[in-house]
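Undergrad: This one is my_file-v6.txt, compact mmCIF, C-alpha atoms and all ligand atoms.
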# COMPACT_ATOMS: atom_id res chain seq x y z
CA MET A 3 3.38 21.33 -7.53
CA GLN A 4 5.41 18.99 -9.73
CA LEU A 5 8.46 19.48 -11.91
CA ASP A 6 8.36 18.08 -15.43
CA VAL A 7 11.92 16.80 -15.26
CA GLU A 8 11.80 15.26 -18.72
CA TRP A 9 10.93 18.64 -20.24
CA ILE A 10 13.55 20.33 -18.07
CA ARG A 11 16.26 17.94 -19.27
CA SER A 12 15.27 18.55 -22.89
CA GLN A 13 16.14 22.23 -22.32
CA PHE A 14 19.80 21.49 -21.53
CA PRO A 15 21.67 20.18 -24.60
CA ALA A 16 24.75 19.20 -22.56
CA LEU A 17 22.74 16.60 -20.63
CA SER A 18 22.08 14.40 -23.63
CA GLN A 19 25.68 14.14 -24.79
CA GLU A 20 27.55 10.86 -24.61
CA ILE A 21 31.23 10.54 -23.85
CA ASP A 22 32.95 7.34 -25.01
CA GLY A 23 29.55 6.09 -26.08
CA LYS A 24 28.03 6.37 -22.61
CA PRO A 25 25.68 8.94 -21.03
CA VAL A 26 27.07 11.50 -18.62
CA ILE A 27 25.85 12.41 -15.13
CA PHE A 28 26.50 15.98 -14.05
CA PHE A 29 26.79 16.06 -10.27
CA ASP A 30 29.23 18.98 -10.51
CA GLY A 31 26.61 21.77 -10.25
CA PRO A 32 28.14 23.64 -7.27
CA GLY A 33 31.22 24.27 -9.41
CA GLY A 34 29.10 25.53 -12.31
CA THR A 35 25.87 24.28 -13.88
CA GLN A 36 25.01 23.39 -17.47
CA ILE A 37 23.47 26.12 -19.60
CA HIS A 38 19.93 26.39 -20.90
CA CYS A 39 19.48 26.11 -24.70
CA ASP A 40 17.93 29.57 -25.00
CA ALA A 41 20.92 31.07 -23.20
CA ILE A 42 23.27 29.39 -25.67
CA ALA A 43 21.19 30.76 -28.57
CA ALA A 44 21.03 34.23 -26.99
CA ILE A 45 24.83 34.38 -26.72
CA SER A 46 25.19 33.46 -30.35
CA ASN A 47 22.44 35.88 -31.48
CA TYR A 48 23.96 38.72 -29.50
CA LEU A 49 27.33 38.15 -31.15
CA ILE A 50 25.76 38.06 -34.62
CA GLN A 51 23.25 40.91 -34.29
CA SER A 52 24.28 43.23 -31.46
CA ASN A 53 28.01 42.93 -30.86
CA ALA A 54 29.32 46.39 -29.90
CA ASN A 55 30.43 48.42 -26.94
CA ALA A 56 27.81 50.32 -24.95
CA HIS A 57 26.49 53.89 -25.28
CA GLY A 58 27.23 54.43 -28.99
CA ALA A 59 25.13 56.38 -31.52
CA PHE A 60 24.45 53.37 -33.75
CA SER A 61 22.07 50.45 -33.69
CA THR A 62 24.23 47.54 -32.51
CA SER A 63 25.41 49.68 -29.61
CA ALA A 64 21.81 50.63 -28.81
CA ARG A 65 20.94 46.90 -28.83
CA THR A 66 23.82 46.32 -26.43
CA ASP A 67 22.45 49.00 -24.10
CA ALA A 68 19.07 47.28 -24.31
CA THR A 69 20.67 43.90 -23.52
CA ILE A 70 22.31 45.31 -20.38
CA ALA A 71 19.04 46.95 -19.31
CA SER A 72 17.05 43.77 -19.80
CA ALA A 73 19.66 41.78 -17.84
CA ARG A 74 19.25 44.24 -14.95
CA ASN A 75 15.47 43.86 -15.12
CA ALA A 76 15.75 40.06 -15.21
CA ILE A 77 18.06 39.89 -12.19
CA ALA A 78 15.92 42.43 -10.32
CA ASP A 79 13.03 39.97 -10.73
CA PHE A 80 15.27 37.06 -9.75
CA LEU A 81 16.39 38.75 -6.51
CA GLY A 82 13.32 40.85 -5.72
CA CYS A 83 14.98 44.27 -5.97
CA ASP A 84 15.04 47.26 -8.34
CA PRO A 85 17.14 47.20 -11.55
CA ASP A 86 19.38 50.07 -10.39
CA GLU A 87 20.41 47.97 -7.39
CA VAL A 88 21.93 45.29 -9.68
CA VAL A 89 25.66 45.51 -10.44
CA PHE A 90 27.32 43.21 -12.97
CA GLY A 91 30.96 42.19 -12.98
CA ALA A 92 33.44 39.50 -13.98
CA ASN A 93 32.44 37.13 -11.18
CA MET A 94 31.38 37.17 -7.54
CA THR A 95 34.97 37.21 -6.23
CA THR A 96 35.93 40.31 -8.22
CA LEU A 97 32.77 42.17 -7.19
CA THR A 98 33.32 41.30 -3.54
CA PHE A 99 36.90 42.59 -3.65
CA ALA A 100 35.60 45.82 -5.27
CA LEU A 101 33.00 46.24 -2.55
CA SER A 102 35.35 45.41 0.33
CA ARG A 103 37.87 47.93 -0.99
CA ALA A 104 35.21 50.63 -1.12
CA ILE A 105 33.95 49.77 2.37
CA GLY A 106 37.56 49.82 3.58
CA ARG A 107 37.75 53.54 2.75
CA ASP A 108 35.37 54.28 5.64
CA LEU A 109 36.85 51.91 8.23
CA GLN A 110 38.70 53.03 11.34
CA PRO A 111 41.45 50.96 13.00
CA GLY A 112 39.79 48.56 15.43
CA ASP A 113 36.56 48.30 13.43
CA GLU A 114 35.53 44.66 13.21
CA ILE A 115 34.28 42.40 10.43
CA VAL A 116 32.71 39.02 11.13
CA VAL A 117 33.29 36.14 8.68
CA THR A 118 32.65 32.40 9.05
CA ARG A 119 34.60 29.15 8.83
CA LEU A 120 31.81 27.70 6.69
CA ASP A 121 32.23 30.19 3.86
CA HIS A 122 33.86 30.00 0.46
CA GLU A 123 37.11 31.99 0.51
CA ALA A 124 35.50 34.58 -1.80
CA ASN A 125 33.50 35.73 1.24
CA VAL A 126 36.51 35.68 3.55
CA SER A 127 39.68 36.91 1.77
CA PRO A 128 38.16 40.20 0.47
CA TRP A 129 37.22 41.10 4.05
CA GLN A 130 40.49 39.83 5.52
CA ALA A 131 42.31 42.14 3.08
CA LEU A 132 40.92 45.03 5.14
CA GLN A 133 43.31 44.11 7.94
CA GLU A 134 45.70 46.42 6.07
CA ARG A 135 43.33 49.26 7.03
CA GLY A 136 43.40 48.21 10.67
CA ALA A 137 40.22 46.12 10.61
CA VAL A 138 39.94 43.21 13.04
CA ILE A 139 38.55 39.99 11.50
CA ARG A 140 36.53 37.68 13.71
CA PHE A 141 35.71 34.12 12.66
CA VAL A 142 32.45 32.33 13.50
CA ASP A 143 33.01 28.64 14.20
CA VAL A 144 31.11 25.65 12.82
CA ASN A 145 29.64 22.63 14.59
CA PRO A 146 31.90 19.92 13.15
CA GLU A 147 29.40 17.09 13.77
CA ASP A 148 26.89 18.40 11.19
CA CYS A 149 28.78 21.28 9.52
CA THR A 150 26.24 23.89 10.61
CA LEU A 151 27.21 27.38 11.69
CA ASP A 152 27.65 27.78 15.45
CA MET A 153 24.91 30.38 15.98
CA ASP A 154 25.92 30.98 19.61
CA ASP A 155 29.39 31.82 18.40
CA LEU A 156 27.90 34.14 15.76
CA ALA A 157 26.13 36.04 18.54
CA ARG A 158 29.38 36.13 20.56
CA GLN A 159 31.49 37.52 17.68
CA ILE A 160 29.12 40.40 16.87
CA ASN A 161 29.56 43.44 19.11
CA GLU A 162 29.44 47.24 19.14
CA ARG A 163 32.60 47.44 17.00
CA THR A 164 31.21 45.19 14.24
CA ARG A 165 30.86 47.08 10.96
CA LEU A 166 29.96 44.19 8.66
CA VAL A 167 28.87 40.57 8.91
CA ALA A 168 29.76 38.39 5.89
CA ILE A 169 27.74 35.19 5.72
CA ALA A 170 26.65 32.70 3.05
CA SER A 171 23.06 31.70 2.32
CA ALA A 172 24.39 28.18 1.90
CA SER A 173 27.71 26.34 1.99
CA ASN A 174 29.10 25.32 -1.40
CA ALA A 175 31.09 22.52 0.27
CA VAL A 176 28.57 20.71 2.48
CA GLY A 177 25.21 22.24 1.52
CA THR A 178 24.26 23.74 4.89
CA ILE A 179 21.70 26.55 4.61
CA ASN A 180 22.39 29.28 7.16
CA ASP A 181 19.79 31.15 9.16
CA VAL A 182 20.68 34.47 7.55
CA ALA A 183 17.66 36.19 9.13
CA VAL A 184 19.22 35.67 12.57
CA ALA A 185 22.54 37.09 11.36
CA VAL A 186 20.73 40.14 9.94
CA LYS A 187 18.92 40.68 13.24
CA LEU A 188 22.13 40.45 15.28
CA ALA A 189 23.98 42.75 12.87
CA ARG A 190 21.14 45.32 12.82
CA ALA A 191 21.14 45.46 16.63
CA VAL A 192 24.69 46.89 16.54
CA GLY A 193 24.27 48.94 13.33
CA ALA A 194 26.46 46.63 11.21
CA LEU A 195 26.04 45.94 7.49
CA VAL A 196 25.31 42.43 6.17
CA PHE A 197 26.85 40.93 3.05
CA VAL A 198 25.29 37.66 1.88
CA ASP A 199 27.07 35.22 -0.45
CA ALA A 200 24.18 33.59 -2.30
CA VAL A 201 26.31 31.95 -4.99
CA HIS A 202 25.63 28.42 -3.83
CA TYR A 203 22.01 28.97 -2.81
CA ALA A 204 20.83 30.70 -6.02
CA PRO A 205 20.04 27.55 -8.11
CA HIS A 206 18.28 25.85 -5.18
CA GLY A 207 15.58 28.22 -3.94
CA SER A 208 14.01 31.65 -4.33
CA LEU A 209 15.86 34.72 -3.14
CA ASP A 210 14.18 37.83 -1.80
CA VAL A 211 16.61 40.53 -0.78
CA ARG A 212 13.86 42.81 0.54
CA SER A 213 12.47 40.32 3.02
CA LEU A 214 16.00 39.17 3.89
CA ASP A 215 16.79 42.85 4.59
CA CYS A 216 20.48 42.41 3.84
CA ASN A 217 22.56 45.34 2.57
CA PHE A 218 24.43 43.40 -0.10
CA LEU A 219 24.02 40.01 -1.74
CA ALA A 220 26.18 38.45 -4.42
CA CYS A 221 25.68 35.55 -6.79
CA SER A 222 27.17 34.17 -9.92
CA ALA A 223 25.14 33.43 -13.05
CA TYR A 224 27.19 30.39 -14.10
CA LYS A 225 25.99 28.64 -10.94
CA PHE A 226 22.33 28.98 -11.98
CA PHE A 227 22.15 27.70 -15.57
CA ALA A 228 23.45 30.86 -17.24
CA PRO A 229 26.86 31.86 -18.65
CA HIS A 230 29.51 33.72 -16.67
CA ALA A 231 28.46 36.97 -15.04
CA GLY A 232 29.04 38.13 -11.49
CA ILE A 233 26.03 39.77 -9.82
CA LEU A 234 26.00 42.12 -6.85
CA TYR A 235 22.84 43.45 -5.26
CA GLY A 236 23.37 46.53 -3.13
CA LYS A 237 20.71 48.55 -1.34
CA ARG A 238 20.41 51.80 -3.27
CA GLU A 239 21.50 53.99 -0.34
CA HIS A 240 24.77 52.05 0.07
CA LEU A 241 25.60 51.86 -3.64
CA SER A 242 25.11 55.66 -3.70
CA ARG A 243 26.94 56.46 -0.47
CA LEU A 244 30.05 54.26 -0.83
CA GLN A 245 32.81 55.38 -3.19
CA PRO A 246 33.90 52.63 -5.60
CA TYR A 247 37.33 52.68 -7.21
CA LYS A 248 36.53 53.78 -10.75
CA VAL A 249 37.98 55.56 -13.77
CA ARG A 250 37.20 59.27 -14.16
CA PRO A 251 35.07 59.27 -17.34
CA ALA A 252 32.91 56.35 -16.17
CA PRO A 253 29.38 57.31 -15.02
CA ASP A 254 28.81 58.47 -11.46
CA GLU A 255 25.29 57.08 -11.32
CA ILE A 256 24.39 53.78 -9.71
CA PRO A 257 24.74 51.01 -10.61
CA SER A 258 27.17 51.78 -13.49
CA ARG A 259 29.69 53.51 -11.21
CA TRP A 260 30.39 50.06 -9.72
CA GLU A 261 30.95 48.41 -13.09
CA THR A 262 34.56 48.75 -14.13
CA GLY A 263 35.35 48.55 -17.84
CA THR A 264 33.34 46.70 -20.46
CA GLN A 265 30.86 44.02 -19.44
CA ASN A 266 30.47 40.50 -20.82
CA HIS A 267 27.51 41.56 -23.00
CA GLU A 268 26.93 38.18 -24.63
CA GLY A 269 26.95 36.62 -21.16
CA LEU A 270 24.28 39.12 -20.05
CA ALA A 271 22.16 38.19 -23.09
CA GLY A 272 22.42 34.58 -21.87
CA VAL A 273 21.45 35.60 -18.33
CA VAL A 274 18.19 37.11 -19.61
CA ALA A 275 17.35 33.90 -21.47
CA THR A 276 18.04 31.75 -18.39
CA VAL A 277 15.87 33.92 -16.13
CA ASN A 278 13.12 33.67 -18.75
CA TYR A 279 13.51 29.88 -18.78
CA LEU A 280 13.07 29.75 -14.99
CA SER A 281 10.07 32.02 -15.32
CA GLU A 282 8.61 29.75 -18.01
CA LEU A 283 9.12 26.84 -15.63
CA GLY A 284 7.07 28.73 -13.02
CA GLN A 285 4.38 29.43 -15.58
CA ARG A 286 4.17 25.76 -16.57
CA ILE A 287 3.73 24.87 -12.90
CA SER A 288 1.19 27.59 -12.23
CA PRO A 289 -0.34 28.86 -15.52
CA ALA A 290 -2.36 31.65 -13.85
CA VAL A 291 0.76 33.39 -12.53
CA LYS A 292 0.75 37.09 -13.45
CA ASP A 293 4.31 38.38 -13.62
CA ARG A 294 7.90 37.18 -14.02
CA ARG A 295 8.88 37.72 -10.37
CA SER A 296 5.97 35.57 -9.13
CA ALA A 297 6.70 32.90 -11.75
CA LEU A 298 10.35 32.80 -10.64
CA VAL A 299 9.38 32.39 -7.00
CA ILE A 300 7.06 29.48 -7.90
CA ALA A 301 9.74 27.84 -10.05
CA MET A 302 12.45 28.12 -7.40
CA GLU A 303 10.20 26.93 -4.57
CA THR A 304 9.14 23.90 -6.64
CA ILE A 305 12.79 23.21 -7.41
CA ARG A 306 13.50 23.36 -3.67
CA GLN A 307 10.86 20.75 -2.92
CA TYR A 308 11.98 18.45 -5.75
CA GLU A 309 15.60 18.72 -4.61
CA ARG A 310 14.62 17.85 -1.05
CA GLU A 311 13.30 14.53 -2.36
CA LEU A 312 16.53 14.01 -4.28
CA SER A 313 18.51 14.69 -1.09
CA LYS A 314 16.49 12.05 0.77
CA GLU A 315 17.09 9.45 -1.92
CA LEU A 316 20.78 10.27 -2.15
CA ILE A 317 21.61 10.51 1.55
CA THR A 318 19.60 7.40 2.52
CA GLY A 319 21.52 5.45 -0.11
CA LEU A 320 24.91 6.92 0.79
CA LEU A 321 24.57 6.04 4.47
CA GLN A 322 24.29 2.35 3.54
CA ILE A 323 27.65 2.25 1.76
CA PRO A 324 30.35 0.60 3.86
CA GLY A 325 33.12 2.96 5.02
CA LEU A 326 31.32 6.10 3.83
CA LYS A 327 31.31 9.18 6.05
CA LEU A 328 28.93 12.02 5.30
CA TYR A 329 29.83 15.61 6.25
CA GLY A 330 26.78 17.80 6.83
CA ILE A 331 23.12 17.51 7.80
CA ALA A 332 21.99 13.87 7.51
CA ASN A 333 18.67 13.95 9.37
CA PRO A 334 15.81 14.18 6.79
CA GLU A 335 13.73 16.21 9.26
CA ARG A 336 16.30 18.98 8.92
CA PHE A 337 16.58 18.93 5.14
CA ALA A 338 14.95 22.35 4.93
CA TRP A 339 18.40 23.48 6.12
CA ARG A 340 20.43 21.89 3.36
CA THR A 341 20.81 22.00 -0.41
CA PRO A 342 21.30 18.74 -2.36
CA THR A 343 25.07 19.31 -2.18
CA VAL A 344 26.45 16.36 -0.28
CA ALA A 345 30.04 15.93 0.92
CA ILE A 346 31.52 12.53 1.70
CA ARG A 347 34.71 10.56 2.25
CA LEU A 348 35.22 6.88 1.63
CA ALA A 349 37.53 4.91 3.94
CA GLY A 350 40.66 3.66 2.19
CA HIS A 351 40.31 5.99 -0.79
CA SER A 352 41.39 9.61 -1.15
CA PRO A 353 38.71 12.06 -2.35
CA TYR A 354 40.65 12.42 -5.60
CA GLU A 355 40.62 8.63 -6.13
CA VAL A 356 36.87 8.50 -5.57
CA ALA A 357 36.15 11.43 -7.92
CA LYS A 358 38.49 9.92 -10.52
CA ALA A 359 36.85 6.49 -10.29
CA LEU A 360 33.44 8.15 -10.67
CA GLY A 361 34.71 10.36 -13.50
CA ASP A 362 35.96 7.25 -15.30
CA ARG A 363 32.34 6.03 -15.14
CA ASN A 364 31.09 9.35 -16.61
CA ILE A 365 29.79 10.53 -13.22
CA PHE A 366 31.15 14.03 -12.61
CA THR A 367 31.76 15.10 -9.01
CA TRP A 368 34.30 17.42 -7.41
CA ASN A 369 37.03 16.66 -4.90
CA GLY A 370 39.12 18.93 -2.69
CA ASN A 371 38.21 21.95 -0.56
CA PHE A 372 36.19 23.90 -3.18
CA TYR A 373 37.82 27.05 -1.73
CA ALA A 374 35.93 26.44 1.54
CA ARG A 375 39.32 25.90 3.05
CA HIS A 376 38.59 27.15 6.55
CA LEU A 377 36.01 24.38 6.76
CA THR A 378 38.24 21.53 5.54
CA GLU A 379 40.95 22.77 7.93
CA ARG A 380 38.48 22.92 10.82
CA LEU A 381 37.31 19.38 10.01
CA GLY A 382 40.94 18.18 9.95
CA ILE A 383 40.73 16.82 6.40
CA GLU A 384 42.54 19.47 4.38
CA SER A 385 45.88 17.67 4.34
CA SER A 386 44.27 14.36 3.32
CA GLY A 387 42.53 15.69 0.22
CA GLY A 388 39.36 17.31 1.57
CA LEU A 389 36.03 15.93 0.43
CA VAL A 390 34.14 14.40 -2.47
CA ARG A 391 31.24 16.70 -3.36
CA ILE A 392 28.14 15.33 -5.04
CA GLY A 393 26.17 18.37 -6.17
CA LEU A 394 22.67 17.95 -7.54
CA VAL A 395 20.44 20.50 -9.22
CA HIS A 396 16.91 20.40 -10.63
CA TYR A 397 17.91 18.67 -13.87
CA ASN A 398 19.25 15.63 -11.99
CA THR A 399 17.12 12.53 -11.43
CA VAL A 400 16.56 9.63 -9.04
CA GLU A 401 17.85 7.25 -11.76
CA GLU A 402 21.14 9.14 -11.82
CA ILE A 403 21.36 8.87 -8.04
CA HIS A 404 20.92 5.10 -8.26
CA ARG A 405 23.73 4.88 -10.82
CA LEU A 406 25.99 6.89 -8.52
CA LEU A 407 25.17 4.72 -5.49
CA LYS A 408 25.94 1.56 -7.44
CA ALA A 409 29.26 3.00 -8.60
CA LEU A 410 30.21 4.10 -5.09
CA GLU A 411 29.43 0.65 -3.74
CA GLU A 412 31.72 -0.88 -6.34
CA ILE A 413 34.48 1.61 -5.47
CA ALA A 414 34.03 1.02 -1.71
CA LEU A 415 34.33 -2.75 -2.13
CA ALA A 416 37.21 -2.65 -4.63
C1 LIG B 1 29.64 29.86 -2.24
C2 LIG B 1 30.50 30.48 -3.27
N1 LIG B 1 30.85 31.75 -3.14
C3 LIG B 1 31.62 32.37 -4.04
C4 LIG B 1 32.12 31.71 -5.14
C5 LIG B 1 32.96 32.46 -6.11
O1 LIG B 1 32.21 32.73 -7.25
P1 LIG B 1 32.90 33.28 -8.57
O2 LIG B 1 33.54 32.12 -9.25
O3 LIG B 1 31.79 33.89 -9.36
O4 LIG B 1 33.90 34.30 -8.15
C6 LIG B 1 31.80 30.36 -5.31
C7 LIG B 1 32.35 29.61 -6.46
O5 LIG B 1 32.55 28.42 -6.36
C8 LIG B 1 30.97 29.73 -4.37
O6 LIG B 1 30.61 28.45 -4.50
Just dump the structure as structure tokens.
TA:
Amino acid sequence: MQLDVEWIRSQFPALSQEIDGKPVIFFDGPGGTQIHCDAIAAISNYLIQSNANAHGAFSTSARTDATIASARNAIADFLGCDPDEVVFGANMTTLTFALSRAIGRDLQPGDEIVVTRLDHEANVSPWQALQERGAVIRFVDVNPEDCTLDMDDLARQINERTRLVAIASASNAVGTINDVAVAVKLARAVGALVFVDAVHYAPHGSLDVRSLDCNFLACSAYKFFAPHAGILYGKREHLSRLQPYKVRPAPDEIPSRWETGTQNHEGLAGVVATVNYLSELGQRISPAVKDRRSALVIAMETIRQYERELSKELITGLLQIPGLKLYGIANPERFAWRTPTVAIRLAGHSPYEVAKALGDRNIFTWNGNFYARHLTERLGIESSGGLVRIGLVHYNTVEEIHRLLKALEEIALA
């Protein structure tokens, strides 16, 4: 199964722009990806033809209702769940705070929640906020040598008092993919819920909430080639049982009871178009594929394989640069456990200086802690500027990697 990267790149108008007369390399994907052309058109079309609030007795409002419904169907196919288990919101952080607040209503003092030092703060702070309801927060440590989760510590932190385990599918800072299945098994054994942060993983591989058997999973559309929309999957029984904070006239049915106020309808129109693009990608790879869900799985699995090759090219090259330290899994045999998000430091240069020198060459990377602050603190690099993060997605190429490596060599030797 091969990706037609040339065709893929032709689908993303931002990739062909030049800044100061030179092409641009987007290695900033973990902070937000570029948007597919159909999604851009869908946003514009929605605003021209359908712009209205929901549930009105006139046609543009009916079109808006249809847009929301088709976004739910699209994300249900993307995640492998039913449409009424898909909640939309401003972003993942806001949805997670809404969920944690609702879960907090049922907690008793001394109930425990397990979070990790590898996670983005959006999967830590909303749970830590429940300390005000008497909850005890337990942190799972990381193995600093390869930035993987300490799975023995995970097993130690989960006990009979655990009510929820909050874990990421993958780290947005260093790219580690977690063994979420093990976390689900440990949590199930004590009757605890599992919340999965799939924001970073979503553009890199297929998601299947049923086989994962988690209770909740969140992602963010702007991280997988769509415009801004937060997405929360919740198992139907939990979305029905828990009491969200909501206004009185808003519907009591799931999933709308979890959706406060008016949605970003044009963003949802864009989400549908992006999911359809990914499905088209799957169909181009495997023309006999029958339905959108299967096409999405094929597309995302092919993306995963392509990105593994990119990781090999990138990491092999990085390790040859003098004074460069890589944070995360470096052994190619273990690349099934990482995304192509690679964190580094360069001796003698702060992460900001490196990102700035790359940015000046039109190579866009991020520097800092990326809100994975427990990790940069644990690694002892928070006060010295954190990390440089090179984040690849399926529209990036080997040629771009070679340009980055050359630039880093120049910076290292300067
Ligand atoms: C792993 C991870 N979780 C959560 C978030 C927060 O997502 P949002 O910006 O949609 O709130 C991010 C954003 O960077 C992230 O990378």
Undergrad: Please, which residues have at least one atom within 9 Å of an atom of ligand LIG 1 (chain B), using all atoms listed in the file, listed as a ChimeraX atom specification?
TA: /A:32-34,92-98,121-125,170-175,199-203,220-225,230-233,372-374
Undergrad: Near Asp108 of chain A, within 10 Å and counting all atoms listed in the file, which residues show up once chain neighbours fewer than 2 positions away are dropped, as a list of chain:residue names?
TA: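 Using all atoms listed in the file, the neighbours found are A:Arg103, A:Ala104, A:Ile105, A:Gly106, A:Gln110, A:Asp113, A:Arg135, A:Leu244, A:Gln245.
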Undergrad: What does the distance between atom CA of Gln285 of chain A and atom CA of Leu270 of chain A come to in Å, to one decimal place?
TA: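 Spanning atom CA of Gln285 of chain A to atom CA of Leu270 of chain A is a straight-line distance of 22.6 Å.
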Undergrad: One number please: atom CA of Val182 of chain A to atom CA of Leu151 of chain A, in Å, one decimal.
TA: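 Atom CA of Leu151 of chain A lies 10.5 Å from atom CA of Val182 of chain A.
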Undergrad: Env of Ser288 of chain A: 9 Å cut, atoms = only C-alpha atoms, seq-sep filter 5 positions within chain, self excluded. Answer as a count of residues only.
TA: 5
Undergrad: Residues near segment 303-317 of chain A, anyone? I mean within 9 Å using only C-alpha atoms, not counting same-chain ones fewer than 5 positions away, as JSON, numbers by chain.
TA: {"A": [3, 4, 5, 205, 206, 207, 208, 284, 287, 298, 322, 328, 332, 334, 337, 338, 340, 341, 342, 343, 344, 394, 395, 396, 398, 399, 400, 403, 404, 406, 407]}
Undergrad: Can you work out which one of A:Gly330, A:Asn217, A:Leu209, A:Ala191 has the shortest atom-to-atom distance to Ala168 of chain A, counting all atoms listed in the file?
TA: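 Nearest candidate to Ala168 of chain A out of A:Gly330, A:Asn217, A:Leu209, A:Ala191: A:Asn217.
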Undergrad: Taking only C-alpha atoms into account, which of A:Ala59, A:Phe99, A:Arg259, A:Asn266 comes nearest Gln130 of chain A?
TA: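 Looking at the shortest contact to Gln130 of chain A, the residue is A:Phe99.
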Undergrad: Quick one: residues within 12 Å of Thr150 of chain A, all atoms listed in the file counted, chain neighbours fewer than 3 positions away excluded, as an NGL selection string?
TA: :A and (118-121 or 142-147 or 153-156 or 170-173 or 175-181 or 329-332 or 336 or 339-340 or 377 or 381)
Undergrad: Just the number, please: distance in Å from atom CA of Arg405 of chain A to atom CA of Asn333 of chain A, one decimal.
TA: 22.7 Å
Undergrad: Counting only C-alpha atoms, write as a list in words all protein and nucleic acid residues lying at most 10 Å from (35.1, 47.6, -15.8) in the file's frame.
TA: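 With a cut-off of 10 Å, the residues come to Phe90, Gly91, Ala92, Lys248, Val249, Ala252, Ser258, Arg259, Trp260, Glu261, Thr262, Gly263, Thr264, Gln265 and Asn266 of chain A.
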Undergrad: Need the shell around Ile27 of chain A: protein/DNA/RNA residues with any atom at most 12 Å away, counting all atoms listed in the file. Skip same-chain ones fewer than 4 positions apart. Format as a ChimeraX atom specification?
TA: /A:11,16-21,31,35-36,360-367,392-395,397-406,409
Undergrad: So which one's closest to Arg212 of chain A, A:Leu81, A:Val186, A:Ala71, A:Cys149? Using all atoms listed in the file, please.
TA: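 Of the candidates, the smallest distance to Arg212 of chain A is held by A:Leu81.
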Undergrad: Please rebuild segment 46-61 of chain A with N, CA and C atoms and return the result as a PDB file, in the coordinates of the input.
TA:
ATOM      1  N   SER A  46      24.846  33.490 -28.937  1.00  0.00           N
ATOM      2  CA  SER A  46      25.190  33.460 -30.350  1.00  0.00           C
ATOM      3  C   SER A  46      24.475  34.612 -31.094  1.00  0.00           C
ATOM      4  N   ASN A  47      23.188  34.801 -30.810  1.00  0.00           N
ATOM      5  CA  ASN A  47      22.440  35.880 -31.480  1.00  0.00           C
ATOM      6  C   ASN A  47      23.007  37.251 -31.148  1.00  0.00           C
ATOM      7  N   TYR A  48      23.374  37.427 -29.873  1.00  0.00           N
ATOM      8  CA  TYR A  48      23.960  38.720 -29.500  1.00  0.00           C
ATOM      9  C   TYR A  48      25.211  38.982 -30.344  1.00  0.00           C
ATOM     10  N   LEU A  49      26.046  37.952 -30.450  1.00  0.00           N
ATOM     11  CA  LEU A  49      27.330  38.150 -31.150  1.00  0.00           C
ATOM     12  C   LEU A  49      27.126  38.372 -32.647  1.00  0.00           C
ATOM     13  N   ILE A  50      26.030  37.856 -33.201  1.00  0.00           N
ATOM     14  CA  ILE A  50      25.760  38.060 -34.620  1.00  0.00           C
ATOM     15  C   ILE A  50      25.086  39.423 -34.856  1.00  0.00           C
ATOM     16  N   GLN A  51      24.123  39.758 -33.988  1.00  0.00           N
ATOM     17  CA  GLN A  51      23.250  40.910 -34.290  1.00  0.00           C
ATOM     18  C   GLN A  51      23.554  42.184 -33.499  1.00  0.00           C
ATOM     19  N   SER A  52      24.220  42.058 -32.357  1.00  0.00           N
ATOM     20  CA  SER A  52      24.280  43.230 -31.460  1.00  0.00           C
ATOM     21  C   SER A  52      25.686  43.555 -30.975  1.00  0.00           C
ATOM     22  N   ASN A  53      26.667  42.845 -31.451  1.00  0.00           N
ATOM     23  CA  ASN A  53      28.010  42.930 -30.860  1.00  0.00           C
ATOM     24  C   ASN A  53      28.611  44.329 -31.007  1.00  0.00           C
ATOM     25  N   ALA A  54      28.753  45.028 -29.893  1.00  0.00           N
ATOM     26  CA  ALA A  54      29.320  46.390 -29.900  1.00  0.00           C
ATOM     27  C   ALA A  54      29.598  46.786 -28.457  1.00  0.00           C
ATOM     28  N   ASN A  55      30.312  47.873 -28.286  1.00  0.00           N
ATOM     29  CA  ASN A  55      30.430  48.420 -26.940  1.00  0.00           C
ATOM     30  C   ASN A  55      29.177  49.258 -26.642  1.00  0.00           C
ATOM     31  N   ALA A  56      29.042  49.635 -25.376  1.00  0.00           N
ATOM     32  CA  ALA A  56      27.810  50.320 -24.950  1.00  0.00           C
ATOM     33  C   ALA A  56      27.851  51.819 -25.256  1.00  0.00           C
ATOM     34  N   HIS A  57      26.669  52.427 -25.237  1.00  0.00           N
ATOM     35  CA  HIS A  57      26.490  53.890 -25.280  1.00  0.00           C
ATOM     36  C   HIS A  57      26.947  54.547 -26.578  1.00  0.00           C
ATOM     37  N   GLY A  58      26.891  53.827 -27.699  1.00  0.00           N
ATOM     38  CA  GLY A  58      27.230  54.430 -28.990  1.00  0.00           C
ATOM     39  C   GLY A  58      25.998  54.946 -29.704  1.00  0.00           C
ATOM     40  N   ALA A  59      26.242  55.759 -30.785  1.00  0.00           N
ATOM     41  CA  ALA A  59      25.130  56.380 -31.520  1.00  0.00           C
ATOM     42  C   ALA A  59      24.762  55.552 -32.747  1.00  0.00           C
ATOM     43  N   PHE A  60      24.787  54.233 -32.612  1.00  0.00           N
ATOM     44  CA  PHE A  60      24.450  53.370 -33.750  1.00  0.00           C
ATOM     45  C   PHE A  60      23.730  52.136 -33.221  1.00  0.00           C
ATOM     46  N   SER A  61      23.083  51.396 -34.147  1.00  0.00           N
ATOM     47  CA  SER A  61      22.070  50.450 -33.690  1.00  0.00           C
ATOM     48  C   SER A  61      22.607  49.265 -32.890  1.00  0.00           C
TER      49      SER A  61
END
